[in-house]
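Novice: The structure that follows is given in the form of structure tokens.
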Amino acid sequence: MKHAFWISVAAGLFLVACDGTTAEAGYCGAANYSCCPTSCCAPSGDYCAAKSNCCTCYKQVREVKWEKEQYTCCKTVYDTVCEKVPVQCTRNVYETRYRDCCYTVCKPVYKTCYRDVCCTVRRPVYKTCYRDVCCKVCKPVYNTCYRDVCYTVCKPVYKTCYRDCCYTVCKPVYKTCYRDVCCTTYKRVCETKYRDCCYTVCKPVTETKTIDVCCGEWKTVTEHCPGPVVCKCVCDPGTWETNCCGCCIYKPGCCRMVKQQCPGTTVCRKVWCPKTVKKTVCCTRYVTETKHRRVPYTCVKCIPCTTTKKVPYTTCSYVRECKTRRVPYTTCTMVRQCCHKKVPYRTCRMVTECITKKVPYTTCTYKCECITKKVPYTTCHHVKQTCTRKVPYRVCKQVCETKYVTRRKCVPRQVQVTCTRCVPRVTCKMVPVQVCCPADPGCCAPSNCAAPQTCCESK
């Protein structure tokens, strides 16, 4: 703190020692006020007087508003029209024909035979027996008893009374009046117009061309068919053998199955040999040609008409009327009454009884029996048979026919449409503006408010 005090004292003494010449040299002479004229240091004016010269003027401003406007314009609408156009085409028609063909068939004939076979069967024999069983049963015994019960009943007694009641009735009074109403009706006006329409006409053109026709002939071919393979049973002869006692015993032979080829057959069949033949055919084709014609159509316009008619309407006013009526009301008083009744109740006790019942049981014994049953077996042998069948074949021929194809085209027409657009509207209005003119207060008079800035700049 002591060092800071002495530093401030030394700085003050240094400033006192400096004279006016040194002050003029500082800041390049800008700190010396002796160079300024006296008029510059005079007061420039009164602030209150300058404030009173500010006034409010009005300036003209343009404002743009957008308004909706309806207008009528024409719109092109395309109608789709369908028309049928004949087209000539050729169609292949196939016809199925039949021819007889003979063939030989080896038909198998099956026969079912039976042989007797003896066998022993054990057949079960069932027998139902009964045995006595004693058991104890608890049987319930029910008894119905009655007891007296006393109860009190409140019995209502109703009485009808009447009282006079006044009420007010609003009685409606109706009156029919008429008023004029303007209404707009539309009158339909028909107008006939014409438009050009293009249509296509088909003209026949006959041409001759050569086509290939498929034909042929039938040839007889002989074929050999091998016979079926049949299984045949072959038995080998038996032999004599000697046993351990020296006696001769005959041992039978065994049987085996041998496949055997049956003789074949010769079959004759017909084979179709095709060939191609050139043939001249007349064909008709159609050439399209475009023509024009005028087609009439009717336009309907609606013309508005304004008419005035009288429309009836009804007015209603209410008139108050006082009336009296008798209103019934019911009073109820309760009268106590004592009653008696018998209430039944049920008692139950269990009684034990001994019951004897028969219980069934089944015994089974087996008995042997010898039965004979027939076992079926099938034998087969072949029988030759000649059959005839119809073999189908197709024949093609061309048929010319005319088809109608539906084509669509668009026909334009004009339709009046009401549209809405926005139209700009310019309006002028006066806007207050604050302008201050200290030199001349009369500049901001209402007569000069049209150009307040120009007035102040000229002053």
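How things are named: the first chain in the structure tokens is A, the next is B, and so on; residues count from 1 in each chain; ligands count from 1 in the order shown.
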Might you pull out every residue within 9 Å of segment 176-186 of chain A, with only C-alpha atoms counted and same-chain residues fewer than 2 positions away left off, and present them as JSON, numbers by chain?
Specialist: {"A": [174, 188, 302, 303, 304, 305, 306, 307, 308, 309, 310, 311, 312, 313, 314, 315, 316]}
Novice: Dump C-alpha atoms for the selected residues as a PDB file, in the first residue's frame?
Specialist:
ATOM      1  CA  TYR A 174    -103.424 -20.413 -37.983  1.00  0.00           C
ATOM      2  CA  ARG A 188     -84.152 -26.886 -73.175  1.00  0.00           C
ATOM      3  CA  CYS A 302     -80.459 -24.757 -71.369  1.00  0.00           C
ATOM      4  CA  ILE A 303     -81.717 -21.125 -71.475  1.00  0.00           C
ATOM      5  CA  PRO A 304     -82.533 -19.592 -68.047  1.00  0.00           C
ATOM      6  CA  CYS A 305     -85.974 -17.918 -67.598  1.00  0.00           C
ATOM      7  CA  THR A 306     -86.987 -15.895 -64.518  1.00  0.00           C
ATOM      8  CA  THR A 307     -90.581 -16.156 -63.283  1.00  0.00           C
ATOM      9  CA  THR A 308     -92.424 -14.790 -60.233  1.00  0.00           C
ATOM     10  CA  LYS A 309     -94.885 -16.881 -58.280  1.00  0.00           C
ATOM     11  CA  LYS A 310     -96.841 -16.526 -55.057  1.00  0.00           C
ATOM     12  CA  VAL A 311     -95.800 -18.916 -52.321  1.00  0.00           C
ATOM     13  CA  PRO A 312     -98.266 -19.481 -49.448  1.00  0.00           C
ATOM     14  CA  TYR A 313     -97.002 -19.658 -45.880  1.00  0.00           C
ATOM     15  CA  THR A 314     -98.866 -20.169 -42.616  1.00  0.00           C
ATOM     16  CA  THR A 315     -98.464 -18.099 -39.473  1.00  0.00           C
ATOM     17  CA  CYS A 316     -99.461 -19.431 -36.075  1.00  0.00           C
TER      18      CYS A 316
END
Novice: So what do you get for atom CA of Thr379 of chain A versus atom CA of Pro108 of chain A, distance-wise?
Specialist: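 Atom CA of Pro108 of chain A lies 10.1 Å from atom CA of Thr379 of chain A.
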Novice: Show which residues sit within 7 Å of Pro204 of chain A, as an NGL selection string. Count only C-alpha atoms, and ignore same-chain residues fewer than 2 positions away.
Specialist: :A and (202 or 206 or 284-287)
Novice: Using Å and a single decimal, report how far atom CA of Cys354 of chain A sits from atom CA of Asp132 of chain A.
Specialist: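 A separation of 12.8 Å between them.
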Novice: Using only C-alpha atoms, which of the listed residues (A:Cys368, A:Gln414, A:Pro392, A:Cys102) sits closest to Thr120 of chain A?
Specialist: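 Under the stated criterion, the closest residue is A:Cys368.
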Novice: My list of candidates is A:Tyr98, A:Tyr162, A:Tyr151, A:Tyr142. Which is closest to Tyr329 of chain A when distances are computed with only C-alpha atoms?
Specialist: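 Answer, going by the shortest atom-to-atom distance: A:Tyr162.
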Novice: Give the answer as one residue: which of A:Cys113, A:Val173, A:Val61, A:Cys419 has the shortest atom-to-atom distance to Val375 of chain A, using only C-alpha atoms?
Specialist: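 Selected residue with least distance to Val375 of chain A: A:Cys113.
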Novice: Between A:Glu63, A:Glu289, A:Asp116, A:Asp100, single out the one closest to Lys270 of chain A, counting only C-alpha atoms.
Specialist: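 The closest residue to Lys270 of chain A is A:Asp100.
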Novice: Pick out the residues sitting within 6 Å of segment 220-234 of chain A, and hand them over as an mmCIF file with N, CA, C and O atoms, in the first residue's frame; count only C-alpha atoms, and ignore anything fewer than 2 positions along from it in its own chain.
Specialist:
data_model
loop_
_atom_site.group_PDB
_atom_site.id
_atom_site.type_symbol
_atom_site.label_atom_id
_atom_site.label_comp_id
_atom_site.auth_asym_id
_atom_site.auth_seq_id
_atom_site.Cartn_x
_atom_site.Cartn_y
_atom_site.Cartn_z
ATOM 1 N N CYS A 255 -42.463 -133.827 -59.347
ATOM 2 C CA CYS A 255 -43.025 -133.029 -60.458
ATOM 3 C C CYS A 255 -42.318 -131.689 -60.544
ATOM 4 O O CYS A 255 -41.965 -131.091 -59.520
ATOM 5 N N ARG A 256 -42.122 -131.194 -61.794
ATOM 6 C CA ARG A 256 -41.511 -129.875 -62.004
ATOM 7 C C ARG A 256 -42.245 -129.161 -63.138
ATOM 8 O O ARG A 256 -42.861 -129.801 -63.977
ATOM 9 N N MET A 257 -42.160 -127.809 -63.129
ATOM 10 C CA MET A 257 -42.811 -126.964 -64.128
ATOM 11 C C MET A 257 -41.829 -126.632 -65.233
ATOM 12 O O MET A 257 -40.693 -126.211 -64.976
ATOM 13 N N VAL A 258 -42.282 -126.822 -66.511
ATOM 14 C CA VAL A 258 -41.446 -126.566 -67.695
ATOM 15 C C VAL A 258 -42.173 -125.561 -68.586
ATOM 16 O O VAL A 258 -43.376 -125.718 -68.852
ATOM 17 N N LYS A 259 -41.463 -124.501 -69.021
ATOM 18 C CA LYS A 259 -42.037 -123.507 -69.930
ATOM 19 C C LYS A 259 -41.990 -124.009 -71.363
ATOM 20 O O LYS A 259 -40.968 -124.525 -71.797
ATOM 21 N N GLN A 260 -43.106 -123.827 -72.105
ATOM 22 C CA GLN A 260 -43.215 -124.333 -73.467
ATOM 23 C C GLN A 260 -43.797 -123.239 -74.371
ATOM 24 O O GLN A 260 -44.758 -122.568 -74.006
ATOM 25 N N GLN A 261 -43.152 -123.004 -75.519
ATOM 26 C CA GLN A 261 -43.578 -121.973 -76.476
ATOM 27 C C GLN A 261 -44.674 -122.529 -77.383
ATOM 28 O O GLN A 261 -44.514 -123.573 -78.012
ATOM 29 N N CYS A 262 -45.815 -121.794 -77.464
ATOM 30 C CA CYS A 262 -46.902 -122.184 -78.355
ATOM 31 C C CYS A 262 -46.616 -121.700 -79.771
ATOM 32 O O CYS A 262 -45.889 -120.713 -79.962
ATOM 33 N N PRO A 263 -47.177 -122.388 -80.791
ATOM 34 C CA PRO A 263 -46.925 -121.956 -82.171
ATOM 35 C C PRO A 263 -47.516 -120.575 -82.430
ATOM 36 O O PRO A 263 -48.564 -120.217 -81.889
ATOM 37 N N GLY A 264 -46.818 -119.777 -83.292
ATOM 38 C CA GLY A 264 -47.254 -118.419 -83.600
ATOM 39 C C GLY A 264 -48.319 -118.384 -84.692
ATOM 40 O O GLY A 264 -48.675 -119.390 -85.283
ATOM 41 N N THR A 265 -48.832 -117.126 -84.951
ATOM 42 C CA THR A 265 -49.866 -116.904 -85.968
ATOM 43 C C THR A 265 -49.422 -115.807 -86.921
ATOM 44 O O THR A 265 -48.558 -114.986 -86.597
ATOM 45 N N THR A 266 -50.022 -115.853 -88.145
ATOM 46 C CA THR A 266 -49.737 -114.837 -89.178
ATOM 47 C C THR A 266 -50.914 -113.875 -89.238
ATOM 48 O O THR A 266 -52.060 -114.301 -89.358
ATOM 49 N N VAL A 267 -50.615 -112.550 -89.137
ATOM 50 C CA VAL A 267 -51.639 -111.507 -89.097
ATOM 51 C C VAL A 267 -51.447 -110.578 -90.281
ATOM 52 O O VAL A 267 -50.312 -110.178 -90.592
ATOM 53 N N CYS A 268 -52.547 -110.255 -90.954
ATOM 54 C CA CYS A 268 -52.518 -109.289 -92.064
ATOM 55 C C CYS A 268 -53.123 -107.971 -91.579
ATOM 56 O O CYS A 268 -54.214 -107.974 -90.993
ATOM 57 N N ARG A 269 -52.424 -106.845 -91.809
ATOM 58 C CA ARG A 269 -52.938 -105.541 -91.424
ATOM 59 C C ARG A 269 -52.659 -104.535 -92.533
ATOM 60 O O ARG A 269 -51.761 -104.744 -93.360
ATOM 61 N N LYS A 270 -53.430 -103.471 -92.535
ATOM 62 C CA LYS A 270 -53.304 -102.433 -93.552
ATOM 63 C C LYS A 270 -52.486 -101.263 -93.030
ATOM 64 O O LYS A 270 -52.641 -100.855 -91.886
#
